[in-house]
>>> print(open('coords-v1.cif').read())   # mmCIF, C-alpha atoms
data_coords
loop_
_atom_site.label_atom_id
_atom_site.label_comp_id
_atom_site.auth_asym_id
_atom_site.auth_seq_id
_atom_site.Cartn_x
_atom_site.Cartn_y
_atom_site.Cartn_z
CA MET A 254 0.00 0.00 0.00
CA LEU A 255 1.28 3.43 -0.99
CA ILE A 256 0.23 6.12 1.52
CA LEU A 257 0.41 9.89 1.23
CA ALA A 258 0.68 11.33 4.76
CA LEU A 259 0.16 14.97 5.81
CA GLU A 260 1.20 16.68 9.06
CA SER A 261 0.32 20.21 10.26
CA SER A 262 -0.17 20.03 14.02
CA CYS A 263 2.03 23.04 14.82
CA ASP A 264 4.53 24.96 12.68
CA GLU A 265 5.82 22.35 10.23
CA THR A 266 3.99 21.64 6.99
CA ALA A 267 4.92 18.09 6.03
CA ALA A 268 4.06 15.47 3.42
CA ALA A 269 5.49 12.00 2.92
CA VAL A 270 4.99 8.97 0.73
CA VAL A 271 5.44 5.64 2.53
CA ARG A 272 5.10 2.10 1.20
CA ASP A 273 3.55 -0.62 3.37
CA GLY A 274 3.90 1.43 6.54
CA ARG A 275 7.65 0.79 6.65
CA GLU A 276 9.52 2.12 3.59
CA ILE A 277 9.92 5.90 3.37
CA LEU A 278 9.97 7.02 -0.27
CA SER A 279 9.92 10.73 0.59
CA ASN A 280 9.54 12.88 3.69
CA VAL A 281 9.32 16.62 3.02
CA VAL A 282 9.11 19.20 5.81
CA ALA A 283 8.61 22.95 5.37
CA SER A 284 9.65 24.70 8.59
CA GLN A 285 8.24 28.00 9.84
CA ILE A 286 11.02 28.63 12.38
CA ASP A 287 12.30 31.79 10.72
CA THR A 288 8.79 33.25 10.62
CA HIS A 289 8.04 32.65 14.31
CA ALA A 290 11.52 33.35 15.71
CA ARG A 291 10.98 37.10 15.93
CA PHE A 292 7.90 36.49 18.10
CA GLY A 293 9.77 34.15 20.47
CA GLY A 294 7.32 31.30 19.81
CA VAL A 295 4.66 29.96 17.48
CA VAL A 296 1.81 32.34 16.58
CA PRO A 297 -1.16 30.04 15.81
CA GLU A 298 -2.87 32.28 13.21
CA ILE A 299 0.38 32.78 11.29
CA ALA A 300 1.08 29.05 11.42
CA SER A 301 -2.32 28.26 9.92
CA ARG A 302 -1.89 30.72 7.08
CA GLN A 303 1.55 29.38 6.23
CA HIS A 304 0.20 25.83 6.11
CA LEU A 305 -2.34 27.04 3.54
CA GLU A 306 0.44 28.49 1.42
CA ALA A 307 2.82 25.53 1.73
CA PHE A 308 0.75 22.36 1.40
CA SER A 309 0.38 22.43 -2.39
CA TRP A 310 4.10 22.55 -3.15
CA VAL A 311 5.04 20.30 -0.22
CA ILE A 312 2.73 17.56 -1.53
CA ASP A 313 4.04 18.01 -5.08
CA GLU A 314 7.62 17.73 -3.85
CA ALA A 315 6.85 14.63 -1.77
CA LEU A 316 5.32 12.90 -4.78
CA GLU A 317 8.19 13.95 -7.05
CA LYS A 318 10.87 12.75 -4.62
CA ALA A 319 9.02 9.45 -4.24
CA GLY A 320 8.98 9.03 -8.02
CA THR A 321 5.24 8.60 -8.08
CA THR A 322 2.01 10.45 -8.81
CA LEU A 323 -1.23 11.08 -6.98
CA GLU A 324 -2.88 8.48 -9.21
CA ALA A 325 -0.72 5.75 -7.63
CA ILE A 326 -1.56 6.68 -4.02
CA GLU A 327 -3.77 4.09 -2.29
CA GLY A 328 -4.56 5.84 0.99
CA VAL A 329 -4.28 9.18 2.76
CA ALA A 330 -3.10 9.70 6.34
CA VAL A 331 -3.28 12.94 8.29
CA THR A 332 -2.67 14.24 11.80
CA ARG A 333 -6.09 14.64 13.39
CA GLY A 334 -4.76 15.94 16.73
CA PRO A 335 -3.64 17.00 19.20
CA GLY A 336 -2.20 20.37 18.22
CA LEU A 337 -3.14 23.91 17.22
CA ILE A 338 -6.73 23.62 16.03
CA GLY A 339 -6.38 26.02 13.08
CA ALA A 340 -3.20 24.33 11.88
CA LEU A 341 -4.78 20.88 12.23
CA LEU A 342 -7.83 21.94 10.23
CA VAL A 343 -5.70 23.00 7.28
CA GLY A 344 -4.03 19.58 7.08
CA LEU A 345 -7.25 17.68 7.70
CA SER A 346 -9.18 19.66 5.09
CA THR A 347 -6.42 19.05 2.55
CA ALA A 348 -6.39 15.32 3.30
CA LYS A 349 -10.18 15.02 3.07
CA ALA A 350 -10.21 16.88 -0.24
CA LEU A 351 -7.62 14.49 -1.67
CA ALA A 352 -9.44 11.44 -0.33
CA PHE A 353 -12.76 12.65 -1.78
CA ALA A 354 -11.33 13.63 -5.16
CA ARG A 355 -9.44 10.36 -5.62
CA ASN A 356 -11.94 8.10 -3.78
CA LEU A 357 -9.23 7.01 -1.34
CA PRO A 358 -9.54 5.70 2.23
CA LEU A 359 -8.60 8.18 4.94
CA ALA A 360 -6.83 7.59 8.27
CA GLY A 361 -6.76 10.25 11.00
CA VAL A 362 -3.72 9.64 13.21
CA HIS A 363 -2.81 10.85 16.69
CA HIS A 364 0.29 13.04 16.55
CA ILE A 365 2.03 11.36 19.50
CA GLU A 366 1.07 7.92 18.17
CA GLY A 367 3.08 8.85 15.10
CA HIS A 368 6.09 9.81 17.20
CA ILE A 369 6.19 6.67 19.34
CA LEU A 370 5.76 4.38 16.30
CA ALA A 371 8.27 6.24 14.08
CA ILE A 372 11.08 3.90 15.13
CA GLN A 373 9.33 1.11 13.17
CA LEU A 374 10.20 2.94 9.95
CA GLU A 375 13.91 2.36 10.60
CA LYS A 376 14.16 -0.84 12.59
CA PRO A 377 11.70 -3.35 14.05
CA VAL A 378 11.13 -2.94 17.79
CA ALA A 379 8.91 -5.70 19.11
CA TYR A 380 5.92 -4.92 21.31
CA PRO A 381 5.48 -4.37 24.16
CA TYR A 382 7.84 -1.49 24.84
CA LEU A 383 8.02 1.64 26.94
CA ALA A 384 7.82 4.91 25.02
CA LEU A 385 9.02 8.25 26.32
CA ALA A 386 7.40 10.95 24.17
CA VAL A 387 9.31 14.13 24.88
CA SER A 388 8.73 17.31 22.89
CA GLY A 389 7.67 20.93 23.15
CA GLY A 390 4.11 19.98 24.04
CA HIS A 391 4.43 16.53 25.62
CA THR A 392 6.47 14.68 28.19
CA HIS A 393 4.63 11.38 28.63
CA LEU A 394 5.49 7.77 29.35
CA TYR A 395 3.41 5.11 27.57
CA ARG A 396 3.24 1.36 27.59
CA VAL A 397 2.93 0.34 23.93
CA ASP A 398 1.40 -3.13 23.45
CA GLY A 399 0.67 -2.70 19.75
CA ILE A 400 -0.71 -0.21 17.27
CA GLY A 401 -3.58 1.53 19.04
CA ALA A 402 -2.91 -0.27 22.34
CA TYR A 403 -1.42 2.39 24.60
CA THR A 404 -1.48 2.93 28.35
CA THR A 405 -0.44 6.26 29.86
CA LEU A 406 1.90 5.65 32.78
CA GLY A 407 3.11 9.16 33.51
CA ARG A 408 2.82 12.69 32.17
CA THR A 409 3.99 16.20 32.85
CA LEU A 410 1.93 18.06 35.41
CA ASP A 411 2.83 21.45 33.93
CA ASP A 412 5.51 22.37 31.36
CA ALA A 413 6.77 19.82 28.89
CA ALA A 414 10.53 19.31 28.73
CA GLY A 415 10.82 20.93 25.31
CA GLU A 416 8.78 23.91 26.49
CA ALA A 417 11.14 24.31 29.45
CA PHE A 418 14.15 24.25 27.10
CA ASP A 419 12.60 26.96 24.90
CA LYS A 420 11.60 29.18 27.82
CA VAL A 421 15.02 28.93 29.48
CA ALA A 422 16.68 29.69 26.13
CA LYS A 423 14.49 32.78 25.76
CA LEU A 424 15.39 33.86 29.30
CA LEU A 425 19.09 33.53 28.44
CA GLY A 426 18.71 35.48 25.22
CA LEU A 427 19.43 32.45 23.02
CA GLY A 428 16.40 32.92 20.78
CA TYR A 429 13.73 30.54 19.54
CA PRO A 430 13.74 27.60 19.26
CA GLY A 431 16.29 27.23 22.00
CA GLY A 432 16.63 23.51 22.71
CA ALA A 433 19.38 22.92 20.15
CA ARG A 434 21.29 26.01 21.31
CA ILE A 435 21.21 24.88 24.95
CA ASP A 436 22.34 21.40 23.91
CA LYS A 437 25.30 22.84 21.98
CA LEU A 438 26.42 25.04 24.87
CA ALA A 439 25.86 22.24 27.40
CA ALA A 440 28.41 20.11 25.56
CA ILE A 441 31.19 22.53 26.59
CA GLY A 442 29.88 23.43 30.05
CA ASN A 443 30.15 21.92 33.52
CA PRO A 444 26.91 20.07 34.40
CA LYS A 445 27.77 20.24 38.10
CA ALA A 446 28.42 23.98 38.21
CA ILE A 447 24.91 24.82 39.50
CA ALA A 448 22.81 22.53 41.67
CA PHE A 449 19.41 22.83 40.02
CA PRO A 450 16.57 20.67 41.41
CA ARG A 451 15.48 17.32 39.95
CA PRO A 452 11.67 17.71 39.99
CA LEU A 453 9.44 15.00 41.51
CA LEU A 454 12.22 12.43 41.88
CA HIS A 455 11.31 12.18 45.56
CA ARG A 456 7.81 10.96 44.67
CA ASP A 457 7.12 7.31 43.96
CA ASN A 458 5.49 7.87 40.57
CA VAL A 459 6.50 8.48 36.97
CA ASP A 460 4.96 11.92 36.47
CA PHE A 461 7.07 14.92 35.49
CA SER A 462 7.16 18.61 36.39
CA PHE A 463 9.49 21.21 34.90
CA SER A 464 7.94 24.52 35.99
CA GLY A 465 9.88 24.53 39.28
CA LEU A 466 13.15 23.88 37.48
CA LYS A 467 12.40 26.70 35.07
CA THR A 468 11.74 28.99 38.06
CA ALA A 469 15.01 27.91 39.67
CA VAL A 470 16.87 29.01 36.54
CA LEU A 471 14.97 32.31 36.52
CA ASN A 472 15.86 32.98 40.17
CA HIS A 473 19.50 32.14 39.51
CA VAL A 474 19.67 34.54 36.57
CA ARG A 475 17.90 37.31 38.48
CA ALA A 476 20.56 37.10 41.20
CA LEU A 477 23.29 37.83 38.65
CA PRO A 478 24.31 41.38 37.71
CA ASP A 479 24.05 40.56 33.99
CA LEU A 480 23.00 37.70 31.73
CA PRO A 481 25.71 35.02 31.83
CA GLN A 482 28.14 34.90 28.94
CA GLY A 483 30.96 32.63 27.80
CA ASP A 484 31.89 29.85 30.23
CA ASP A 485 29.25 30.96 32.72
CA LEU A 486 26.53 30.61 30.09
CA ALA A 487 27.80 27.19 29.05
CA ASP A 488 27.89 26.04 32.69
CA LEU A 489 24.32 27.23 33.26
CA CYS A 490 23.08 25.43 30.14
CA ALA A 491 24.94 22.26 31.09
CA SER A 492 23.55 22.33 34.63
CA PHE A 493 20.00 22.95 33.46
CA GLN A 494 20.19 20.24 30.81
CA ALA A 495 21.67 17.78 33.30
CA ALA A 496 18.69 18.32 35.61
CA VAL A 497 16.19 17.70 32.80
CA VAL A 498 18.04 14.67 31.45
CA GLU A 499 18.54 13.02 34.84
CA THR A 500 14.86 13.46 35.62
CA LEU A 501 13.81 11.95 32.28
CA CYS A 502 16.19 9.01 32.62
CA ARG A 503 15.36 8.10 36.20
CA LYS A 504 11.60 8.33 35.67
CA THR A 505 11.88 6.24 32.50
CA LEU A 506 13.89 3.59 34.30
CA ARG A 507 11.36 3.54 37.15
CA ALA A 508 8.53 2.98 34.66
CA ALA A 509 10.43 0.25 32.79
CA LYS A 510 11.06 -1.66 36.01
CA ALA A 511 7.47 -1.26 37.24
CA GLU A 512 6.09 -2.55 33.92
CA LYS A 513 8.82 -5.20 33.53
CA LEU A 514 9.67 -3.88 30.06
CA GLU A 515 13.09 -4.46 28.53
CA ARG A 516 12.66 -2.22 25.47
CA ILE A 517 12.51 1.58 25.54
CA VAL A 518 11.80 3.97 22.66
CA VAL A 519 12.55 7.68 23.09
CA ALA A 520 10.70 9.85 20.57
CA GLY A 521 9.71 13.45 19.86
CA GLY A 522 11.72 16.59 19.20
CA VAL A 523 13.73 16.46 22.44
CA ALA A 524 14.88 12.95 21.50
CA CYS A 525 17.39 14.78 19.25
CA ASN A 526 19.13 16.16 22.35
CA ARG A 527 22.64 14.73 22.51
CA GLY A 528 22.78 14.86 26.28
CA LEU A 529 19.59 12.83 26.57
CA ARG A 530 20.75 10.30 23.98
CA THR A 531 24.08 9.80 25.73
CA SER A 532 22.63 9.48 29.22
CA MET A 533 19.71 7.27 28.23
CA THR A 534 22.00 4.96 26.26
CA ALA A 535 24.41 4.67 29.21
CA MET A 536 21.55 3.99 31.63
CA ALA A 537 20.10 1.30 29.37
CA ALA A 538 23.47 -0.41 29.01
CA LYS A 539 23.96 -0.43 32.78
CA GLU A 540 20.47 -1.82 33.39
CA LYS A 541 20.68 -4.29 30.47
CA LEU A 542 17.80 -2.65 28.64
CA GLN A 543 17.41 -1.93 24.93
CA VAL A 544 16.89 1.74 24.06
CA SER A 545 16.09 3.03 20.58
CA PHE A 546 15.90 6.53 19.13
CA PRO A 547 14.51 7.44 15.71
CA SER A 548 16.93 9.37 13.53
CA PRO A 549 16.71 13.16 13.99
CA ALA A 550 14.59 13.56 10.85
CA LEU A 551 11.94 11.32 12.42
CA CYS A 552 12.17 12.91 15.88
CA GLY A 553 10.90 16.31 14.84
CA ASP A 554 7.40 16.76 13.44
CA ASN A 555 7.14 14.98 10.10
CA ALA A 556 4.53 13.15 8.03
CA ALA A 557 6.23 9.79 7.44
CA MET A 558 5.74 8.79 11.09
CA LEU A 559 1.95 8.77 10.58
CA ALA A 560 2.12 5.96 8.05
CA VAL A 561 2.91 3.16 10.51
CA ALA A 562 -0.48 3.37 12.25
CA ALA A 563 -2.30 4.49 9.10
CA ASP A 564 -1.15 1.49 7.08
CA ALA A 565 -2.33 -0.95 9.75
CA ARG A 566 -5.71 0.74 10.06
CA LEU A 567 -6.36 1.02 6.34
CA ARG A 568 -5.40 -2.64 5.83
CA ALA A 569 -7.88 -3.55 8.56
CA GLY A 570 -10.59 -1.82 6.52
CA GLU A 571 -10.91 1.34 8.58
CA ASN A 572 -11.85 4.51 6.68
CA GLU A 573 -12.57 7.84 8.36
CA PRO A 574 -15.75 9.67 7.29
CA LEU A 575 -15.38 12.94 5.41
CA ASP A 576 -16.99 14.83 8.30
CA LEU A 577 -14.05 13.88 10.54
CA ASN A 578 -13.07 16.85 12.70
CA ALA A 579 -9.76 17.93 14.19
CA VAL A 580 -9.23 17.68 17.96
CA ALA A 581 -6.91 20.03 19.84
CA SER A 582 -6.79 17.74 22.89
CA TRP A 583 -6.87 13.96 22.50
CA PRO A 584 -5.63 11.46 25.14
CA LEU A 585 -3.59 8.75 23.45
CA ASP A 586 -5.23 5.96 25.47
CA ARG A 587 -8.51 6.75 23.70
CA VAL A 588 -7.12 5.96 20.28
CA SER A 589 -8.84 2.81 19.02
CA ALA A 590 -6.76 -0.30 18.61
CA VAL A 591 -6.41 -1.97 15.27
CA SER A 592 -8.22 -5.31 15.33
CA PRO A 593 -6.32 -7.50 15.72
CA VAL A 594 -3.61 -5.58 17.59
CA VAL A 595 -0.26 -5.72 15.81
CA VAL A 596 2.16 -7.45 18.19
CA GLY A 597 5.41 -7.55 16.26
CA GLY A 598 7.83 -5.07 14.75
#
>>> encode(input="coords-v1.cif", output="structure tokens")
Amino acid sequence: MLILALESSCDETAAAVVRDGREILSNVVASQIDTHARFGGVVPEIASRQHLEAFSWVIDEALEKAGTTLEAIEGVAVTRGPGLIGALLVGLSTAKALAFARNLPLAGVHHIEGHILAIQLEKPVAYPYLALAVSGGHTHLYRVDGIGAYTTLGRTLDDAAGEAFDKVAKLLGLGYPGGARIDKLAAIGNPKAIAFPRPLLHRDNVDFSFSGLKTAVLNHVRALPDLPQGDDLADLCASFQAAVVETLCRKTLRAAKAEKLERIVVAGGVACNRGLRTSMTAMAAKEKLQVSFPSPALCGDNAAMLAVAADARLRAGENEPLDLNAVASWPLDRVSAVSPVVVGG
């Protein structure tokens, strides 16, 4: 099955062509970072308008790179939610128009479902596994028993990890988006220079909280005569990142042990963070666990990741109605399972 997938949950307009839910033939992403950078974050109305402008050429480029045409496409997948409602509606309306015009089946996919299944596009990871979805909008731990079979184990109680990275970067004058800039500076700084808190590690659960850590950074900066520069800035970034990474690793390990899971998948935009990759890999080796990360291109928002779940659902005969609506908030546990549940990579 040849699927055309569309993604527009936030500020990336993306289209991909994927064969059989496993082979990526193209994966095109049009970023809006330069547009939103001057505002210090994503402006929803601007994001929606740019999706409208970009989807036509992004789809054309995805088809061209895949060496195929719209006539050869056998199904359409699209992000239904969660995300910015206006941005989602642009992608969903485009997908429904294509499905109607070509008489193709349509699959509406959960954005985070796409992230935690993206690893299957690069290597088979057998179910069940533990998934840490860590991005600008989510920091959740899920038990993944198959496509559509997800159990939420822990979640952030306030800021997501990626949101904390961006807000701290803005505070330090590093611009938007700031996660990559903090990661780069952290690599040359001393992670023990400042003793920032490790939120919620004292509690016997696997929930997260990063607002207190963000406040601790703010209070530290306010006590300084000027914004840190040079080595001081690198040390602050390294210390902040170390606090986030240790919290993510220890909570993930706690969940893996509680669920008796030997396989871990780390997905989402923050999964690109080199500090997190290094620490999570070292922890897994020490605990004799298997940890997998999608490649950076599949960690950020993209359309190819939607095809894993979409392919399984379309093969099972599912077909979304053309009155399908976007949903800004959508718990992953309420996504319907494919029948029968897929239990292998």
>>> resolve_selection(input="coords-v1.cif", expression="the PyMOL selection byres ((chain A and resi 470) around 12)", output="VMD selection string")
chain A and resid 417 to 418 420 to 425 447 to 450 463 to 469 471 to 477 480 to 481 486 489 to 494 496 to 497
>>> atom_distance(input="coords-v1.cif", atom1="atom CA of Arg302 of chain A", atom2="atom CA of Ile326 of chain A")
26.5 Å
>>> closest_residue(input="coords-v1.cif", among="A:Gly521, A:Gly320, A:Gly328, A:Gly428", to="Phe292 of chain A", atoms="only C-alpha atoms")
A:Gly428
>>> closest_residue(input="coords-v1.cif", among="A:Lys349, A:Arg333, A:Arg516, A:Lys504", to="His455 of chain A", atoms="only C-alpha atoms")
A:Lys504
>>> closest_residue(input="coords-v1.cif", among="A:Leu385, A:Ala440, A:Ala307, A:Leu453", to="Ala283 of chain A", atoms="all atoms listed in the file")
A:Ala307
>>> residues_around(input="coords-v1.cif", residues="segment 264-269 of chain A", least_positions_apart="2", cutoff="7 Å", atoms="all atoms listed in the file", output="MDAnalysis selection string")
chainID A and resid 257:262 271 279:285 295 300 304 307:308 311:312 315 554:557
>>> resolve_selection(input="coords-v1.cif", expression="the PyMOL selection byres ((chain A and resi 569-576) around 8)", output="list in words")
Lys349, Phe353, Pro358, Leu359, Ala360, Gly361, Ala565, Arg566, Leu567, Arg568, Leu577, Asn578, Val591 and Ser592 of chain A
>>> residues_around(input="coords-v1.cif", residues="Phe546 of chain A", least_positions_apart="4", cutoff="9 Å", atoms="all atoms listed in the file", output="list in words")
Ile372, Ile517, Val518, Val519, Ala520, Ala524, Cys525, Arg530 and Cys552 of chain A
